Amino acid sequence: MKHLRNIILLALAAAMVLSLLGCAPKEQAPAADTPTAQAPATQAPGDGSAMKLTMLVPNNSNQFIKFDEREEYPVWQELKALFAAKGLELEFELIPADQYPTTLQTRIASGTDLPDIVCLTPFDDASAMDLANKGTILPINEIADAYSDGTFNSFIREQYPFMAQLTTAPDGNIYWYTSIQAQTYQGKPAPTCRVINIRKDWLEQLNLEAPKTAEEFVSVMKAFRDNDMNGNGVADEIVTVDTSGDFFMTGIAQWFGVGNYLTSVDVVNNKIVSPWYQPGIQDYLKYMQQLVAEGLMDPDLIGASYEQTNQRMVENKVGATFDYCMQMWLEPSINAENPEFLPIANLDTGYEPYIIIEPSFFSWQKWAVTKDCKNPEAVAALLDVLYSPRYEELTAWGIEGQTYEMVDGDRQLMEGVGGAFWEQNAADRNSPGSCLWAGCVFPTVSLYTMESQFTSRPEHKNEFQKSVAFQKTVYPDAKYCYMAIATDEQNQRKAELITDLSTYSSELVTDYILGRASFDDWDKHIAQLQALGLDELIAIEQSQYDAFLAFSK
């Protein structure tokens with residue numbers, strides 16, 4: 001166990017998506033690579049009656065493949081058969097995704113007539129632990145220890161102990177089960193990443209090389225605009241980045257060596273840092289200010305919703321954007337003929353750049369068992385299904401001969417199946433389970449090889465991914481994957497600090513980018529961040545990181 005934990009820690013330090021999170025499908029490694037539990041399977045109740053469970057979950061399928069239509073999908077029938085073999089009967093209370101956080105808060109606050117299982121993903125660790133302390137949610141490790149057939153316990157404690165590492169509370173219990181991801185390349189832990197993606201087709205039409213410096217990026221974006229690459233007669237070709245948080249998770253900040261959150265984990269030096277103290281921060285803000293001043297970024301999109309930003313994509317106005325290097329969902333959304341994106345990274349700015357890399361092994365999202373659950377045996381049976389090799393196969397791959405085939409001993413999605421073909425897959429009712437249920441109703445279990453993705457990606461994306469597969473991680477994405485769950489006291493203090501700090505940090509970044517703040521007042525602004533508790537937050541998270549490292553030894 002200690003050896004495996006050390007391997008996983010090295011994988012985290014070397015780091016890798018999710019694509020995302022949610023219901024975007026990922027091509028994963030053969031489930032045959034995952035050992036099966038040795039304990040005998042739980043049998044259905046002897047009297048033939050089903051063990052019923054109710055679940056409150058977001059209805060978060062993509063725009064084509066909908067969980068409401070699950071009965072028409074063969075892959076759902078296969079999953080239902082797994083549940084039936086365990087004597088399980090599931091009832092779903094499906095809430096539209098945009099209404100789910102409010103509905104969840106309301107139901108949890110009532111404290112009565114709760115479903116057996118709730119998706120707690122909208123709750124952060126502190127809020128979830130508050131429910132645990134109140135007894136609203138139950139320790140799933142105790143349920144599994146008493147009733148599991150061994151599949152779930154083997155998965156979380158022996159095969160992928162990082163899941164336990166990241167979900168074990170200070171009291172030693174585990175209060176939620178999660179989505180998990182484990183990725184390899186050439187047999188070694190390997191990460192995916194998020195970077196700036198630039199329009200490859202527009203570069204080729206203008207006979208331009210991909211930019212290698214920040215200055216060249218500005219020149220290329222101007223060329224896109226000045227040559228009216230979308231052909232609408234308006235100078236509206238722009239770059240879009242995520243401005244929903246502190247404005248550091250942009251792909252561009254990383255060219256300047258700037259961390260990706262208000263506080264970031266430096267896995268090279270094993271310390272928590274803040275972009276506000278880093279050498280490249282002022283030049284990064286000045287560069288973003290230049291993009292706005294040059295008309296290459298739309299100030300109206302600062303703090304905009306995903307829907308507003310995505311509309312620019314649909315209208316073929318985006319010349320560059322921040323996303324996963326292996327993504328396949330942007331191009332189909334664009335109202336243009338054969339658009340292509342090329343991932344670029346590590347542009348020269350005079351600072352040491354890095355790439356936002358996800359851990360090769362990590363867990364995310366939350367599902368919990370409530371105090372009103374009357375059948376813990378059914379919960380254990382559900383967990384044994386959701387972390388079984390067959391579930392992973394159905395989720396990642398679907399059904400052999402329908403959605404995937406075996407090639408040289410490895411699974412590969414068949415032609416016309418996956419992210420770029422969701423609309424047709426929906427029409428054919430032919431899809432892996434990832435689009436239908438993963439990340440919303442049930443967890444995503446992604447145990448896959450990077451090589452399996454290459455079969456369904458264009459060569460320019462494959463070559464980029466290969467070139468950065470083993471690049472050293474500096475400030476990884478998903479920083480929570482490097483932090484032990486905070487104590488109650490730490491959670492309380494962090495809650496008191498983070499809201500004001502995040503709000504002020506975001507407002508300050510926006511003011512600098514829009515030219516409303518003066519760099520002459522820099523020291524005053526840093527002093528205000530310190531007065532709001534930035535240094536104290538860093539110290540608290542350093543203790544969480546230290547506890548995470550200690551768990552692995």
# chains A, B, ... in the order shown; residues from 1 in each chain; ligands from 1

$ select_by_dssp --residues "range 205-448 of chain A" --states "helix (DSSP H, G or I)" --output "PyMOL selection string"
chain A and resi 205+214-226+253-256+275-277+281-293+299-301+306-314+330-333+376-386+389-396+419-428+433-436

$ residues_around --residues "Asp266 in chain A" --least-positions-apart "4" --cutoff "9 Å" --atoms "only C-alpha atoms" --output "list in words"
Gly259, Asn270, Lys271, Ile272, Val273, Thr473, Val474, Tyr475 and Pro476 of chain A

$ write_last_selection --atoms "all heavy atoms" --output "short mmCIF file (atom, residue, chain, number, x, y, z; two decimals), in the first residue's frame"
data_model
loop_
_atom_site.label_atom_id
_atom_site.label_comp_id
_atom_site.auth_asym_id
_atom_site.auth_seq_id
_atom_site.Cartn_x
_atom_site.Cartn_y
_atom_site.Cartn_z
N GLY A 259 0.63 31.72 -11.12
CA GLY A 259 -0.20 30.62 -10.64
C GLY A 259 -1.64 30.74 -11.11
O GLY A 259 -2.09 31.80 -11.55
N ASN A 270 6.96 22.43 -2.93
CA ASN A 270 6.06 21.99 -1.85
C ASN A 270 5.60 23.14 -0.97
O ASN A 270 5.70 23.10 0.27
CB ASN A 270 6.74 20.91 -0.99
CG ASN A 270 6.80 19.57 -1.70
OD1 ASN A 270 6.03 19.31 -2.62
ND2 ASN A 270 7.72 18.73 -1.28
N LYS A 271 5.05 24.16 -1.60
CA LYS A 271 4.53 25.28 -0.83
C LYS A 271 3.33 25.90 -1.54
O LYS A 271 3.13 25.73 -2.74
CB LYS A 271 5.61 26.34 -0.60
CG LYS A 271 6.12 27.02 -1.86
CD LYS A 271 7.19 28.04 -1.51
CE LYS A 271 7.67 28.79 -2.76
NZ LYS A 271 8.70 29.80 -2.42
N ILE A 272 2.54 26.61 -0.77
CA ILE A 272 1.40 27.35 -1.30
C ILE A 272 1.86 28.76 -1.65
O ILE A 272 2.54 29.41 -0.85
CB ILE A 272 0.25 27.41 -0.29
CG1 ILE A 272 -0.17 25.99 0.15
CG2 ILE A 272 -0.94 28.16 -0.85
CD1 ILE A 272 -0.72 25.13 -0.96
N VAL A 273 1.49 29.22 -2.84
CA VAL A 273 1.89 30.55 -3.30
C VAL A 273 0.65 31.30 -3.79
O VAL A 273 -0.40 30.71 -4.02
CB VAL A 273 2.94 30.46 -4.43
CG1 VAL A 273 4.20 29.74 -3.95
CG2 VAL A 273 2.35 29.74 -5.65
N THR A 473 5.14 19.27 -13.82
CA THR A 473 4.07 20.07 -13.25
C THR A 473 4.65 21.10 -12.29
O THR A 473 5.57 20.79 -11.54
CB THR A 473 3.07 19.19 -12.49
OG1 THR A 473 2.58 18.19 -13.36
CG2 THR A 473 1.91 20.00 -11.96
N VAL A 474 4.13 22.31 -12.34
CA VAL A 474 4.57 23.36 -11.43
C VAL A 474 3.41 23.75 -10.51
O VAL A 474 3.44 23.51 -9.30
CB VAL A 474 5.09 24.59 -12.20
CG1 VAL A 474 5.59 25.65 -11.22
CG2 VAL A 474 6.21 24.20 -13.17
N TYR A 475 2.37 24.35 -11.09
CA TYR A 475 1.17 24.71 -10.35
C TYR A 475 0.01 23.93 -10.98
O TYR A 475 -0.59 24.38 -11.95
CB TYR A 475 0.89 26.21 -10.42
CG TYR A 475 2.08 27.07 -10.08
CD1 TYR A 475 2.71 27.83 -11.05
CD2 TYR A 475 2.59 27.11 -8.77
CE1 TYR A 475 3.81 28.62 -10.74
CE2 TYR A 475 3.68 27.89 -8.45
CZ TYR A 475 4.29 28.64 -9.45
OH TYR A 475 5.38 29.41 -9.14
N PRO A 476 -0.30 22.76 -10.47
CA PRO A 476 -1.29 21.90 -11.13
C PRO A 476 -2.71 22.43 -11.03
O PRO A 476 -3.04 23.21 -10.14
CB PRO A 476 -1.15 20.58 -10.37
CG PRO A 476 -0.66 20.99 -9.03
CD PRO A 476 0.26 22.16 -9.26
#

$ residues_around --residues "Val234 in chain A" --least-positions-apart "3" --cutoff "12 Å" --atoms "only C-alpha atoms" --output "PDB file with all heavy atoms, in the first residue's frame"
ATOM      1  N   PHE A 224      -5.976  37.996 -37.717  1.00  0.00           N
ATOM      2  CA  PHE A 224      -7.305  37.393 -37.798  1.00  0.00           C
ATOM      3  C   PHE A 224      -8.374  38.472 -37.927  1.00  0.00           C
ATOM      4  O   PHE A 224      -9.289  38.380 -38.751  1.00  0.00           O
ATOM      5  CB  PHE A 224      -7.585  36.552 -36.542  1.00  0.00           C
ATOM      6  CG  PHE A 224      -6.814  35.265 -36.440  1.00  0.00           C
ATOM      7  CD1 PHE A 224      -6.831  34.530 -35.267  1.00  0.00           C
ATOM      8  CD2 PHE A 224      -6.083  34.773 -37.517  1.00  0.00           C
ATOM      9  CE1 PHE A 224      -6.132  33.341 -35.158  1.00  0.00           C
ATOM     10  CE2 PHE A 224      -5.379  33.573 -37.422  1.00  0.00           C
ATOM     11  CZ  PHE A 224      -5.402  32.864 -36.237  1.00  0.00           C
ATOM     12  N   ARG A 225      -8.230  39.506 -37.093  1.00  0.00           N
ATOM     13  CA  ARG A 225      -9.231  40.578 -37.080  1.00  0.00           C
ATOM     14  C   ARG A 225      -9.179  41.399 -38.367  1.00  0.00           C
ATOM     15  O   ARG A 225     -10.204  41.651 -39.014  1.00  0.00           O
ATOM     16  CB  ARG A 225      -9.001  41.475 -35.871  1.00  0.00           C
ATOM     17  CG  ARG A 225      -9.948  42.655 -35.748  1.00  0.00           C
ATOM     18  CD  ARG A 225      -9.408  43.664 -34.768  1.00  0.00           C
ATOM     19  NE  ARG A 225      -8.128  44.236 -35.228  1.00  0.00           N
ATOM     20  CZ  ARG A 225      -7.291  44.908 -34.459  1.00  0.00           C
ATOM     21  NH1 ARG A 225      -7.562  45.096 -33.184  1.00  0.00           N
ATOM     22  NH2 ARG A 225      -6.180  45.402 -34.963  1.00  0.00           N
ATOM     23  N   ASP A 226      -7.971  41.817 -38.742  1.00  0.00           N
ATOM     24  CA  ASP A 226      -7.835  42.727 -39.886  1.00  0.00           C
ATOM     25  C   ASP A 226      -8.170  42.066 -41.211  1.00  0.00           C
ATOM     26  O   ASP A 226      -8.534  42.754 -42.178  1.00  0.00           O
ATOM     27  CB  ASP A 226      -6.410  43.297 -39.931  1.00  0.00           C
ATOM     28  CG  ASP A 226      -6.084  44.141 -38.706  1.00  0.00           C
ATOM     29  OD1 ASP A 226      -7.027  44.540 -37.991  1.00  0.00           O
ATOM     30  OD2 ASP A 226      -4.888  44.384 -38.449  1.00  0.00           O
ATOM     31  N   ASN A 227      -8.060  40.747 -41.275  1.00  0.00           N
ATOM     32  CA  ASN A 227      -8.397  40.023 -42.500  1.00  0.00           C
ATOM     33  C   ASN A 227      -9.812  39.446 -42.474  1.00  0.00           C
ATOM     34  O   ASN A 227     -10.178  38.675 -43.366  1.00  0.00           O
ATOM     35  CB  ASN A 227      -7.383  38.902 -42.733  1.00  0.00           C
ATOM     36  CG  ASN A 227      -6.041  39.414 -43.221  1.00  0.00           C
ATOM     37  OD1 ASN A 227      -5.840  39.686 -44.409  1.00  0.00           O
ATOM     38  ND2 ASN A 227      -5.095  39.569 -42.289  1.00  0.00           N
ATOM     39  N   ASP A 228     -10.583  39.845 -41.467  1.00  0.00           N
ATOM     40  CA  ASP A 228     -11.988  39.440 -41.375  1.00  0.00           C
ATOM     41  C   ASP A 228     -12.156  37.942 -41.626  1.00  0.00           C
ATOM     42  O   ASP A 228     -12.877  37.507 -42.520  1.00  0.00           O
ATOM     43  CB  ASP A 228     -12.823  40.231 -42.389  1.00  0.00           C
ATOM     44  CG  ASP A 228     -14.325  40.037 -42.192  1.00  0.00           C
ATOM     45  OD1 ASP A 228     -14.719  39.652 -41.076  1.00  0.00           O
ATOM     46  OD2 ASP A 228     -15.084  40.248 -43.160  1.00  0.00           O
ATOM     47  N   MET A 229     -11.486  37.144 -40.778  1.00  0.00           N
ATOM     48  CA  MET A 229     -11.438  35.709 -41.034  1.00  0.00           C
ATOM     49  C   MET A 229     -12.798  35.032 -40.957  1.00  0.00           C
ATOM     50  O   MET A 229     -12.995  33.974 -41.563  1.00  0.00           O
ATOM     51  CB  MET A 229     -10.462  35.048 -40.057  1.00  0.00           C
ATOM     52  CG  MET A 229      -9.018  35.502 -40.237  1.00  0.00           C
ATOM     53  SD  MET A 229      -8.414  35.388 -41.947  1.00  0.00           S
ATOM     54  CE  MET A 229      -8.466  33.624 -42.200  1.00  0.00           C
ATOM     55  N   ASN A 230     -13.741  35.600 -40.242  1.00  0.00           N
ATOM     56  CA  ASN A 230     -15.065  34.977 -40.221  1.00  0.00           C
ATOM     57  C   ASN A 230     -15.986  35.523 -41.319  1.00  0.00           C
ATOM     58  O   ASN A 230     -17.115  35.066 -41.467  1.00  0.00           O
ATOM     59  CB  ASN A 230     -15.725  35.105 -38.844  1.00  0.00           C
ATOM     60  CG  ASN A 230     -15.920  36.551 -38.412  1.00  0.00           C
ATOM     61  OD1 ASN A 230     -15.964  37.468 -39.234  1.00  0.00           O
ATOM     62  ND2 ASN A 230     -16.042  36.756 -37.099  1.00  0.00           N
ATOM     63  N   GLY A 231     -15.500  36.517 -42.064  1.00  0.00           N
ATOM     64  CA  GLY A 231     -16.204  36.981 -43.249  1.00  0.00           C
ATOM     65  C   GLY A 231     -17.502  37.708 -43.002  1.00  0.00           C
ATOM     66  O   GLY A 231     -18.334  37.826 -43.912  1.00  0.00           O
ATOM     67  N   GLU A 237     -13.055  39.355 -34.441  1.00  0.00           N
ATOM     68  CA  GLU A 237     -12.336  38.125 -34.116  1.00  0.00           C
ATOM     69  C   GLU A 237     -11.547  38.355 -32.822  1.00  0.00           C
ATOM     70  O   GLU A 237     -10.718  39.265 -32.750  1.00  0.00           O
ATOM     71  CB  GLU A 237     -11.391  37.725 -35.250  1.00  0.00           C
ATOM     72  CG  GLU A 237     -12.096  37.241 -36.510  1.00  0.00           C
ATOM     73  CD  GLU A 237     -12.650  38.358 -37.392  1.00  0.00           C
ATOM     74  OE1 GLU A 237     -12.519  39.547 -37.003  1.00  0.00           O
ATOM     75  OE2 GLU A 237     -13.198  38.063 -38.464  1.00  0.00           O
ATOM     76  N   ILE A 238     -11.803  37.542 -31.804  1.00  0.00           N
ATOM     77  CA  ILE A 238     -11.271  37.826 -30.471  1.00  0.00           C
ATOM     78  C   ILE A 238     -10.682  36.561 -29.836  1.00  0.00           C
ATOM     79  O   ILE A 238     -10.849  35.450 -30.343  1.00  0.00           O
ATOM     80  CB  ILE A 238     -12.370  38.381 -29.536  1.00  0.00           C
ATOM     81  CG1 ILE A 238     -13.543  37.388 -29.441  1.00  0.00           C
ATOM     82  CG2 ILE A 238     -12.848  39.743 -30.012  1.00  0.00           C
ATOM     83  CD1 ILE A 238     -14.597  37.767 -28.418  1.00  0.00           C
ATOM     84  N   GLY A 295      -8.548  45.732 -28.850  1.00  0.00           N
ATOM     85  CA  GLY A 295      -9.802  45.186 -29.365  1.00  0.00           C
ATOM     86  C   GLY A 295      -9.747  43.693 -29.605  1.00  0.00           C
ATOM     87  O   GLY A 295     -10.604  43.141 -30.307  1.00  0.00           O
ATOM     88  N   ASN A 316     -18.668  32.048 -34.732  1.00  0.00           N
ATOM     89  CA  ASN A 316     -17.388  32.014 -35.446  1.00  0.00           C
ATOM     90  C   ASN A 316     -16.584  33.294 -35.236  1.00  0.00           C
ATOM     91  O   ASN A 316     -15.929  33.801 -36.150  1.00  0.00           O
ATOM     92  CB  ASN A 316     -17.610  31.773 -36.947  1.00  0.00           C
ATOM     93  CG  ASN A 316     -16.356  31.325 -37.666  1.00  0.00           C
ATOM     94  OD1 ASN A 316     -15.435  30.763 -37.057  1.00  0.00           O
ATOM     95  ND2 ASN A 316     -16.293  31.586 -38.966  1.00  0.00           N
ATOM     96  N   LYS A 317     -16.589  33.806 -34.012  1.00  0.00           N
ATOM     97  CA  LYS A 317     -15.859  35.028 -33.702  1.00  0.00           C
ATOM     98  C   LYS A 317     -14.611  34.784 -32.845  1.00  0.00           C
ATOM     99  O   LYS A 317     -13.889  35.727 -32.539  1.00  0.00           O
ATOM    100  CB  LYS A 317     -16.778  36.015 -32.973  1.00  0.00           C
ATOM    101  CG  LYS A 317     -17.952  36.510 -33.820  1.00  0.00           C
ATOM    102  CD  LYS A 317     -18.856  37.436 -33.020  1.00  0.00           C
ATOM    103  CE  LYS A 317     -20.019  37.941 -33.873  1.00  0.00           C
ATOM    104  NZ  LYS A 317     -20.919  38.831 -33.092  1.00  0.00           N
TER     105      LYS A 317
END

$ atom_distance --atom1 "CA of Gln289 in chain A" --atom2 "CA of Ile302 in chain A"
11.9 Å

$ residues_around --residues "range 360-377 of chain A" --least-positions-apart "4" --cutoff "7 Å" --atoms "only C-alpha atoms" --output "PyMOL selection string"
chain A and resi 8+11-12+15-16+113-121+135-138+143+147+162-163+175-183+189-191+381+481

$ write_last_selection --atoms "C-alpha atoms" --output "mmCIF file, in the first residue's frame"
data_model
loop_
_atom_site.group_PDB
_atom_site.id
_atom_site.type_symbol
_atom_site.label_atom_id
_atom_site.label_comp_id
_atom_site.auth_asym_id
_atom_site.auth_seq_id
_atom_site.Cartn_x
_atom_site.Cartn_y
_atom_site.Cartn_z
ATOM 1 C CA ILE A 8 0.406 7.943 -6.912
ATOM 2 C CA ALA A 11 1.999 10.834 -10.430
ATOM 3 C CA LEU A 12 0.345 13.799 -8.779
ATOM 4 C CA ALA A 15 0.639 15.354 -13.122
ATOM 5 C CA MET A 16 -2.784 15.376 -16.227
ATOM 6 C CA ASP A 113 -37.874 13.619 3.937
ATOM 7 C CA LEU A 114 -34.486 13.437 2.280
ATOM 8 C CA PRO A 115 -33.732 10.984 -0.528
ATOM 9 C CA ASP A 116 -31.363 8.115 0.194
ATOM 10 C CA ILE A 117 -28.571 9.645 -1.912
ATOM 11 C CA VAL A 118 -27.899 13.224 -3.002
ATOM 12 C CA CYS A 119 -25.417 14.672 -5.450
ATOM 13 C CA LEU A 120 -23.475 17.113 -3.253
ATOM 14 C CA THR A 121 -21.167 18.437 -5.972
ATOM 15 C CA GLY A 135 -25.317 13.829 11.026
ATOM 16 C CA THR A 136 -27.169 14.787 7.840
ATOM 17 C CA ILE A 137 -24.895 12.576 5.735
ATOM 18 C CA LEU A 138 -23.485 9.214 6.799
ATOM 19 C CA ILE A 143 -21.622 1.080 5.173
ATOM 20 C CA TYR A 147 -22.167 -4.738 3.513
ATOM 21 C CA PHE A 162 -5.674 8.307 -3.794
ATOM 22 C CA MET A 163 -9.483 8.374 -3.713
ATOM 23 C CA TYR A 175 -18.615 10.897 3.730
ATOM 24 C CA TRP A 176 -18.932 10.979 -0.055
ATOM 25 C CA TYR A 177 -18.044 8.931 -3.092
ATOM 26 C CA THR A 178 -16.588 10.633 -6.143
ATOM 27 C CA SER A 179 -15.719 10.557 -9.801
ATOM 28 C CA ILE A 180 -12.184 9.374 -10.345
ATOM 29 C CA GLN A 181 -9.646 9.572 -13.145
ATOM 30 C CA ALA A 182 -6.441 7.638 -13.740
ATOM 31 C CA GLN A 183 -4.495 8.107 -16.970
ATOM 32 C CA PRO A 189 1.200 8.153 -15.239
ATOM 33 C CA ALA A 190 0.592 10.985 -17.684
ATOM 34 C CA PRO A 191 -1.424 14.196 -17.579
ATOM 35 C CA ALA A 381 -24.578 -2.845 -3.479
ATOM 36 C CA CYS A 481 -6.203 17.091 -5.185
#

$ residues_around --residues "Glu536 in chain A" --least-positions-apart "4" --cutoff "10 Å" --atoms "only C-alpha atoms" --output "MDAnalysis selection string"
chainID A and resid 493:494 497 530:532 540:542
